[in-house]
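Working notes, beginning with the structure itself.
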Amino acid sequence: MGIPLSPSGWEGPQSQPLQLRRNFNETAFFFPHLSTNDKGETQIAFTVPESNTKWRFRLLAHDKQLNVGKAEAFAISQKELMVTPNMPRFLRHGDRAAISTKISNLSEGAIHGSVKMEFFNPVTEEMMAHISLENQEQPFSLEQGASSHVWWMFDLPADIDILGVRIVAQSENFSDGEQHALAVLPNRMLVTESMRMDLSGGETKEFAMERLVDKSSPTMQDYRLTLEFTSNPAWYAVQALPVLGEPDSDNAVSWFASYYANALGAHIGNAFPKVKAMVEAWKKKGGSKETFVANLEKNQELKTILLEETPWVLEAKNESEQKERLSLLFDLNRSRNLRSTAMSKLQDLQTNEGGWSWFKGFYSSVGITQYILNGFHQLKELGIAEFSKEILSMQERALSYIDAEARNRFEAMKRHNKEWKNIKTISSIDLEYLYVRSGYRRQPLSGEIKEMTDLYLSVIEKNWTQYGLYERSLIAILMSRQDKSAVVETILNSFREHATRSEEMGMYWVNNRAGVFMSQSAVSVHTFIMDAFRVGGAETREMDEMKRWLLKQKQTQLWETTHATADAVNALLRTGSDWFGAEGETSVTLGTLQVEPESKESGSGYFKESWSPAEIEPEMGRVTVVHQGNTPAWGALYWQYFEELEKIEKTDASLDIEKQLFVEQNTPSGTQLVRITEENPLKVGDKVVVRLTVRSDRNMEFVHLKDMRAATFEPVDQISQMVWQNGLLYYQTSKDASTNFYFDNLPRGTYLFEYAVYVSRLGSYSNGITTIQSIYAPEFTSHTAGMKIIVKE
């Protein structure tokens with residue numbers, strides 16, 4: 001096109017790239033060609049890129065005398081005859097697929113012609129005549145400005161990996177065409193099924209993976225059989241001990257956590273020499289290659305996704321580094337220096353009122369102050385620390401602060417509640433105050449504070465049934481300190497009555513979701529309950545059952561909370577039976593094959609063995625485990641095989657997934673979701689809602705959910721983003737053949753997740769399966785059955 005520009009006198013470059021905006025949000029580069037006509041006007045001709053769109057040209061020119069001229073024009077680059085194919089993102093072997101194209105007449109008259117589609121090999125450019133194509137060449141007739149659609153149906157053979165598609169429309173005067181290369185995915189996939197094996201101390205148990213034993217599908221092809229087993233998983237908890245230096249965040253909570261973890265870690269090294277000796281043994285054996293590898297990095301071949309494709313690469317790196325630094329935990333000089341630094345920081349963060357603020361310059365916080373005082377008391381009760389005069393002085397000032405704050409709350413209650421003497425409950429902050437204050441009897445209570453605490457103690461003694469698990473554990477310990485053993489026993493009996501006991505999980509409480517001193521960790525609540533049982537004189541067997549639940553949490557969680565992790569490890573070490581001195585062997589038999597591992601990990605006794613397809617026999621699905629130790633033990637058998645998508649059967653597990661498809665329909669009463677049936681088939685243009693139901697019987701971390709899609713489905717939301725749904729925050733991303741969900745935390749429960757897709761083409765398509773797996777503990781996995789998606793006219 002040419003745009004006259006005045007004044008004349010252009011002496012600029014004759015062929016210099018010019019940057020322009022296209023559609024106001026895209027940038028294109030042009031090479032202008034300048035010329036001057038016989039009227040002295042400069043004309044600029046542009047060769048536009050091969051894009052069918054609308055262009056906006058804005059030009060500015062000046063001469064040596066600074067005379068200025070400008071111009072603006074719009075141009076549409078298009079062809080008289082255009083084809084616009086609707087190509088799928090991918091196809092699968094065995095699909096009966098449809099590809100359509102839009103044919104547009106943008107000329108000034110009617111056009112008559114034909115359009116054809118042909119297949120070719122994008123690598124060799126050879127035609128693929130063996131793919132049967134219905135109505136390969138079809139006629140069209142279009143009036144000026146009109147358009148029409150044409151489509152072709154064909155079956156995808158199983159002998160191609162990439163398909164070239166060329167669509168060409170021709171008339172007497174015009175022609176247009178496009179070609180694309182489509183990925184053709186196999187209709188078979190690698191499936192991983194697992195069978196978890198849990199045993200108690202001194203137990204012999206038989207397990208059966210029925211699908212391996214009764215393998216009947218002729219299209220199923222073995223790939224690998226893997227066994228992993230841990231004779232003493234209690235050592236995994238020791239590997240989780242937090243090894244903290246100076247915290248990254250300069251706040252009171254982080255500094256005290258550093259002090260607490262280092263003090264407790266050094267104590268564990270002294271009180272339990274075998275723990276220290278085992279950590280040193282791991283280090284000498286080059287544990288960074290085996291023992292100190294993060295769980296997120298282990299068993300990559302058994303997981304549905306590579307670690308590098310998840311958001312958790314940094315977490316894996318941090319876990320590995322934490323394990324490698326374990327030996328530093330028992331360095332007394334390092335521990336002493338870190339505790340000294342932490343105490344200096346805590347002195348600096350203590351306000352004039354006596355309380356601790358979160359950051360320097362903030363107001364004092366009752367919650368933070370009581371959290372720190374409780375930690376100091378725990379260390380003293382364990383006989384870990386002899387406090388210096390400076391620390392004792394800090395504690396006294398903090399006690400005065402929480403006394404004053406409790407008195408203020410008490411006075412406010414008396415002013416606003418005339419029936420304050422007849423209250424039935426007290427707040428959690430006041431209950432925590434009673435618990436913390438009862439640990440510091442060396443500092444006497446004033447008369448007014450004594451009146452308040454006596455009232456509060458009588459209230460909780462009479463009305464303890466109105467509190468939750470965490471509060472009841474505090475009340476039991478408080479009653480023990482008041483020498484009211486009958487009340488303690490009553491509370492413990494209530495705990496026993498409401499407890500859930502299972503062979504795998506031990507003794508636990510399903511409604512354990514409370515908070516502990518600003519923490520939301522169920523592990524922390526459980527350790528407080530264990531402490532209540534300990535002071536109540538519980539039997540070793542009962543304590544072992546509660547320890548088992550703690551250990552099972554470590555199987556599926558990273559345990560990132562510093563204070564809670566240290567307390568959990570301490571509970572495993574100090575209560576119940578000695579699980580760290582066990583020397584018992586564990587033998588595993590697959591069918592008639594006695595497994596003899598080449599090596600085992602020190603302490604945990606972990607080993608892993610694999611068998612190739614030629615070595616796999618159906619009878620290996622029957623497993624006998626003889627466990628001679630006194631600790632719990634666990635392991636898993638993984639069977640990996642290739643199978644056609646439609647023949648894959650659903651599996652059920654502790655972490656379970658179910659998939660349903662619904663068509664969204666508008667009715668006079670509003671939008672409704674209708675199940676897809678033979679009577680209600682899918683049609684092009686339908687909006688389909690994919691509903692995924694996830695069930696988990698325990699808290700898990702680092703869970704990956706992959707939902708495969710049929711080639712006819714096009715996701716409505718194609719932007720990767722963080723999503724808040726069902727009280728969970730997760731990351732959702734759409735890829736060409738699947739939609740993926742990443743959960744940092746997946747608490748125990750049942751969850752529904754939905755996303756929408758549009759039906760884009762006719763045909764019959766494999767929809768694949770949906771898989772869910774804990775990347776931290778890959779033995780927790782399950783998948784749905786394969787399904788076929790049929791779209792009719």
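Every chain in the structure tokens has a letter given in the order shown (A, B, ...), and although residue numbers restart at 1 in each chain, ligands are simply numbered from 1 in the order shown.
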
Need to verify the contact set: range 474-480 of chain A, 10 Å, only C-alpha atoms, exclusion of same-chain residues closer than 2 positions in sequence. Can you return it as a compact mmCIF listing (two decimals) with N, CA, C and O atoms, in the first residue's frame?
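The new file selection-v6.txt reads:
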```txt
# COMPACT_ATOMS: atom_id res chain seq x y z
N LEU A 431 -6.69 -20.81 78.82
CA LEU A 431 -6.32 -22.18 79.15
C LEU A 431 -4.82 -22.38 78.94
O LEU A 431 -4.14 -23.00 79.77
N GLU A 432 -4.29 -21.85 77.84
CA GLU A 432 -2.85 -21.94 77.61
C GLU A 432 -2.08 -21.16 78.67
O GLU A 432 -0.99 -21.58 79.08
N LEU A 434 -3.02 -20.85 81.84
CA LEU A 434 -2.98 -21.73 83.02
C LEU A 434 -1.92 -22.81 82.86
O LEU A 434 -1.18 -23.11 83.80
N TYR A 435 -1.87 -23.40 81.67
CA TYR A 435 -0.93 -24.48 81.41
C TYR A 435 0.51 -23.98 81.53
O TYR A 435 1.35 -24.62 82.19
N VAL A 436 0.81 -22.84 80.91
CA VAL A 436 2.17 -22.30 80.95
C VAL A 436 2.52 -21.87 82.37
O VAL A 436 3.60 -22.18 82.88
N SER A 438 1.42 -22.85 85.20
CA SER A 438 1.58 -23.93 86.18
C SER A 438 2.96 -24.56 86.12
O SER A 438 3.37 -25.28 87.03
N GLY A 439 3.71 -24.28 85.07
CA GLY A 439 5.06 -24.80 84.97
C GLY A 439 6.11 -23.90 85.62
O GLY A 439 7.29 -24.25 85.63
N LEU A 457 -9.50 -22.96 87.15
CA LEU A 457 -9.23 -24.39 87.36
C LEU A 457 -10.51 -25.14 87.73
O LEU A 457 -10.73 -26.27 87.29
N ILE A 460 -12.67 -25.55 84.42
CA ILE A 460 -12.24 -26.58 83.47
C ILE A 460 -12.34 -27.97 84.08
O ILE A 460 -12.54 -28.96 83.35
N GLU A 461 -12.20 -28.07 85.40
CA GLU A 461 -12.35 -29.38 86.04
C GLU A 461 -13.77 -29.89 85.91
O GLU A 461 -14.00 -31.09 85.68
N TRP A 464 -14.74 -29.98 81.48
CA TRP A 464 -13.73 -30.34 80.50
C TRP A 464 -14.33 -31.01 79.26
O TRP A 464 -13.72 -31.01 78.18
N TYR A 467 -14.62 -29.14 75.76
CA TYR A 467 -13.42 -28.72 75.04
C TYR A 467 -13.02 -29.77 74.00
O TYR A 467 -13.45 -30.92 74.06
N LEU A 469 -9.86 -31.79 71.57
CA LEU A 469 -8.77 -32.70 71.90
C LEU A 469 -7.58 -31.98 72.51
O LEU A 469 -7.06 -32.39 73.56
N TYR A 470 -7.14 -30.93 71.85
CA TYR A 470 -5.95 -30.21 72.34
C TYR A 470 -6.20 -29.63 73.73
O TYR A 470 -5.38 -29.80 74.64
N GLU A 471 -7.35 -28.99 73.91
CA GLU A 471 -7.65 -28.38 75.21
C GLU A 471 -7.76 -29.45 76.30
O GLU A 471 -7.31 -29.25 77.44
N ARG A 472 -8.37 -30.60 75.97
CA ARG A 472 -8.49 -31.67 76.98
C ARG A 472 -7.12 -32.20 77.40
O ARG A 472 -6.93 -32.55 78.57
N GLN A 482 -2.17 -30.65 89.65
CA GLN A 482 -2.96 -30.34 90.85
C GLN A 482 -3.21 -31.58 91.70
O GLN A 482 -3.98 -31.53 92.67
N ASP A 483 -2.58 -32.72 91.31
CA ASP A 483 -2.72 -34.00 92.04
C ASP A 483 -4.16 -34.50 92.05
O ASP A 483 -4.61 -35.14 93.02
N LYS A 484 -4.90 -34.25 90.97
CA LYS A 484 -6.28 -34.74 90.88
C LYS A 484 -6.30 -35.90 89.88
O LYS A 484 -6.75 -35.79 88.75
N SER A 485 -5.79 -37.01 90.35
CA SER A 485 -5.60 -38.17 89.48
C SER A 485 -6.92 -38.74 88.97
O SER A 485 -6.97 -39.29 87.87
N ALA A 486 -7.99 -38.61 89.78
CA ALA A 486 -9.28 -39.15 89.34
C ALA A 486 -9.78 -38.40 88.11
O ALA A 486 -10.32 -39.02 87.17
N VAL A 487 -9.62 -37.08 88.11
CA VAL A 487 -10.05 -36.30 86.94
C VAL A 487 -9.19 -36.66 85.73
O VAL A 487 -9.70 -36.80 84.61
N VAL A 488 -7.89 -36.84 85.94
CA VAL A 488 -6.98 -37.21 84.85
C VAL A 488 -7.42 -38.53 84.23
O VAL A 488 -7.50 -38.66 83.00
N GLU A 489 -7.73 -39.51 85.07
CA GLU A 489 -8.12 -40.82 84.57
C GLU A 489 -9.43 -40.75 83.80
O GLU A 489 -9.61 -41.42 82.78
N THR A 490 -10.36 -39.90 84.28
CA THR A 490 -11.63 -39.74 83.57
C THR A 490 -11.41 -39.14 82.18
O THR A 490 -12.01 -39.59 81.19
N ILE A 491 -10.55 -38.16 82.10
CA ILE A 491 -10.26 -37.54 80.80
C ILE A 491 -9.58 -38.53 79.87
O ILE A 491 -9.93 -38.64 78.69
N LEU A 492 -8.62 -39.30 80.40
CA LEU A 492 -7.93 -40.29 79.56
C LEU A 492 -8.89 -41.38 79.09
O LEU A 492 -8.79 -41.85 77.95
N PHE A 528 0.85 -33.62 72.34
CA PHE A 528 0.27 -33.15 73.60
C PHE A 528 -0.62 -34.23 74.22
O PHE A 528 -0.61 -34.43 75.45
N ILE A 529 -1.38 -34.92 73.38
CA ILE A 529 -2.22 -36.01 73.91
C ILE A 529 -1.33 -37.12 74.47
O ILE A 529 -1.61 -37.68 75.55
N ASP A 531 1.54 -36.73 75.78
CA ASP A 531 2.08 -36.24 77.05
C ASP A 531 1.06 -36.40 78.16
O ASP A 531 1.40 -36.73 79.30
N ALA A 532 -0.22 -36.17 77.83
CA ALA A 532 -1.28 -36.37 78.84
C ALA A 532 -1.34 -37.83 79.25
O ALA A 532 -1.49 -38.15 80.45
N PHE A 533 -1.23 -38.76 78.31
CA PHE A 533 -1.23 -40.19 78.64
C PHE A 533 0.02 -40.55 79.46
O PHE A 533 -0.04 -41.39 80.35
N ARG A 534 1.13 -39.93 79.14
CA ARG A 534 2.36 -40.22 79.88
C ARG A 534 2.23 -39.84 81.35
O ARG A 534 2.55 -40.64 82.23
N VAL A 535 1.74 -38.61 81.60
CA VAL A 535 1.61 -38.18 83.00
C VAL A 535 0.52 -38.97 83.70
O VAL A 535 0.51 -39.09 84.93
N GLY A 536 -0.42 -39.53 82.93
CA GLY A 536 -1.48 -40.34 83.52
C GLY A 536 -1.09 -41.78 83.72
O GLY A 536 -1.92 -42.59 84.17
```

Practice task
For range 340-352 of chain A, list every protein, DNA or RNA residue within 9 Å, evaluated using only C-alpha atoms, and leave out those in the same chain fewer than 3 positions away; present the list as JSON, numbers by chain.
Solution key: {"A": [246, 250, 251, 252, 255, 256, 258, 259, 335, 336, 337, 355, 356, 357, 358, 359, 360, 361, 362, 363, 364, 390, 391, 394, 397, 398]}

Residue subset to file, keeping N, CA, C and O atoms, as a CSV table (one decimal), in the first residue's frame:
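Output contents, as saved in result-v6.csv:
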```
chain,number,residue,atom,x,y,z
A,246,GLU,N,21.2,-19.9,61.9
A,246,GLU,CA,20.5,-18.7,62.1
A,246,GLU,C,19.3,-18.6,61.1
A,246,GLU,O,19.5,-18.7,59.9
A,250,ASP,N,14.1,-12.6,60.9
A,250,ASP,CA,14.6,-12.1,62.2
A,250,ASP,C,13.4,-11.8,63.1
A,250,ASP,O,13.1,-10.7,63.4
A,251,ASN,N,12.7,-12.9,63.5
A,251,ASN,CA,11.6,-12.7,64.4
A,251,ASN,C,11.7,-13.6,65.6
A,251,ASN,O,12.5,-14.6,65.6
A,252,ALA,N,10.9,-13.4,66.6
A,252,ALA,CA,11.0,-14.1,67.9
A,252,ALA,C,10.7,-15.6,67.8
A,252,ALA,O,11.3,-16.4,68.4
A,255,TRP,N,13.6,-17.4,66.0
A,255,TRP,CA,14.8,-17.5,66.9
A,255,TRP,C,14.6,-18.5,68.0
A,255,TRP,O,15.6,-19.2,68.3
A,256,PHE,N,13.4,-18.5,68.6
A,256,PHE,CA,13.2,-19.5,69.6
A,256,PHE,C,13.2,-20.9,69.1
A,256,PHE,O,13.7,-21.9,69.7
A,258,SER,N,14.9,-22.0,66.6
A,258,SER,CA,16.3,-22.3,66.4
A,258,SER,C,16.9,-22.8,67.8
A,258,SER,O,17.7,-23.8,67.8
A,259,TYR,N,16.7,-22.0,68.8
A,259,TYR,CA,17.2,-22.3,70.1
A,259,TYR,C,16.6,-23.7,70.6
A,259,TYR,O,17.4,-24.6,71.0
A,335,SER,N,26.2,-26.0,68.6
A,335,SER,CA,24.9,-25.9,69.3
A,335,SER,C,24.9,-24.8,70.4
A,335,SER,O,24.0,-23.9,70.5
A,336,ARG,N,26.0,-24.7,71.1
A,336,ARG,CA,26.2,-23.7,72.2
A,336,ARG,C,26.2,-22.3,71.6
A,336,ARG,O,25.6,-21.4,72.1
A,337,ASN,N,27.0,-22.2,70.5
A,337,ASN,CA,27.1,-20.8,69.9
A,337,ASN,C,25.7,-20.4,69.3
A,337,ASN,O,25.4,-19.2,69.5
A,355,GLY,N,6.8,-8.8,77.4
A,355,GLY,CA,6.4,-9.8,76.4
A,355,GLY,C,7.3,-9.8,75.2
A,355,GLY,O,8.2,-8.9,75.0
A,356,TRP,N,7.2,-10.8,74.3
A,356,TRP,CA,7.9,-10.8,73.1
A,356,TRP,C,7.1,-10.4,71.9
A,356,TRP,O,5.9,-10.8,71.8
A,357,SER,N,7.6,-9.6,71.1
A,357,SER,CA,6.9,-9.2,69.9
A,357,SER,C,7.4,-10.1,68.7
A,357,SER,O,8.4,-10.7,68.8
A,358,TRP,N,6.6,-10.1,67.7
A,358,TRP,CA,6.9,-10.9,66.5
A,358,TRP,C,8.2,-10.4,65.9
A,358,TRP,O,9.2,-11.1,65.8
A,359,PHE,N,8.2,-9.1,65.5
A,359,PHE,CA,9.4,-8.5,65.0
A,359,PHE,C,9.7,-7.3,65.9
A,359,PHE,O,8.8,-6.8,66.6
A,360,LYS,N,10.9,-6.8,65.9
A,360,LYS,CA,11.3,-5.7,66.7
A,360,LYS,C,10.5,-4.4,66.3
A,360,LYS,O,10.3,-4.1,65.1
A,361,GLY,N,9.9,-3.8,67.3
A,361,GLY,CA,9.1,-2.6,67.0
A,361,GLY,C,7.6,-2.9,67.0
A,361,GLY,O,6.8,-2.0,67.1
A,362,PHE,N,7.3,-4.2,67.0
A,362,PHE,CA,5.9,-4.6,67.0
A,362,PHE,C,5.4,-4.6,68.5
A,362,PHE,O,6.2,-4.5,69.4
A,363,TYR,N,4.0,-4.6,68.6
A,363,TYR,CA,3.5,-4.7,70.0
A,363,TYR,C,3.8,-6.1,70.6
A,363,TYR,O,3.9,-7.1,69.8
A,364,SER,N,3.8,-6.2,71.9
A,364,SER,CA,3.9,-7.5,72.5
A,364,SER,C,2.8,-8.4,72.2
A,364,SER,O,1.7,-8.0,72.0
A,390,GLU,N,20.5,-14.4,82.9
A,390,GLU,CA,19.8,-13.6,81.9
A,390,GLU,C,18.5,-14.2,81.4
A,390,GLU,O,17.5,-13.6,81.2
A,391,ILE,N,18.6,-15.6,81.2
A,391,ILE,CA,17.4,-16.2,80.7
A,391,ILE,C,16.3,-16.3,81.8
A,391,ILE,O,15.1,-16.0,81.5
A,394,MET,N,14.7,-13.0,81.8
A,394,MET,CA,13.7,-12.8,80.7
A,394,MET,C,12.4,-13.6,81.0
A,394,MET,O,11.3,-13.1,80.8
A,397,ARG,N,10.3,-11.6,83.6
A,397,ARG,CA,9.6,-10.4,83.0
A,397,ARG,C,8.4,-10.9,82.1
A,397,ARG,O,7.4,-10.3,82.1
A,398,ALA,N,8.6,-12.0,81.4
A,398,ALA,CA,7.6,-12.5,80.5
A,398,ALA,C,6.4,-13.0,81.4
A,398,ALA,O,5.2,-12.8,81.0
```

Would you kindly return, as a short mmCIF file (atom, residue, chain, number, x, y, z; two decimals) with N, CA and C atoms, in the first residue's frame, each protein, DNA or RNA residue with an atom no farther than 6 Å from any atom of range 206-211 of chain A, considering only C-alpha atoms and excluding same-chain residues fewer than 4 positions away?
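Ended up saving to out_31.cif:
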```cif
data_model
loop_
_atom_site.label_atom_id
_atom_site.label_comp_id
_atom_site.auth_asym_id
_atom_site.auth_seq_id
_atom_site.Cartn_x
_atom_site.Cartn_y
_atom_site.Cartn_z
N LYS A 215 -3.63 -62.21 36.18
CA LYS A 215 -3.46 -61.45 34.95
C LYS A 215 -4.08 -62.19 33.77
N GLY A 621 2.99 -62.10 42.73
CA GLY A 621 2.01 -61.20 43.35
C GLY A 621 1.59 -61.63 44.73
N ARG A 622 1.97 -62.85 45.14
CA ARG A 622 1.69 -63.33 46.51
C ARG A 622 2.96 -63.14 47.35
N VAL A 623 2.85 -62.31 48.37
CA VAL A 623 4.01 -61.90 49.17
C VAL A 623 3.83 -62.36 50.61
N THR A 624 4.89 -62.95 51.15
CA THR A 624 4.91 -63.34 52.57
C THR A 624 6.05 -62.58 53.25
#
```

Handout entry: range 410-636 of chain A: residues DSSP assigns to helix (DSSP H, G or I), reported as number ranges by chain
Key = A: 410-416, 420-422, 428-437, 447-462, 464-466, 469-481, 485-498, 522-535, 540-556, 562-574, 613-615, 618-621

Handout entry: Selected residue of minimal separation from Gly94 in chain A among A:Leu379, A:Val759, A:Leu156, A:Ile775, counting only C-alpha atoms
Key = A:Leu156
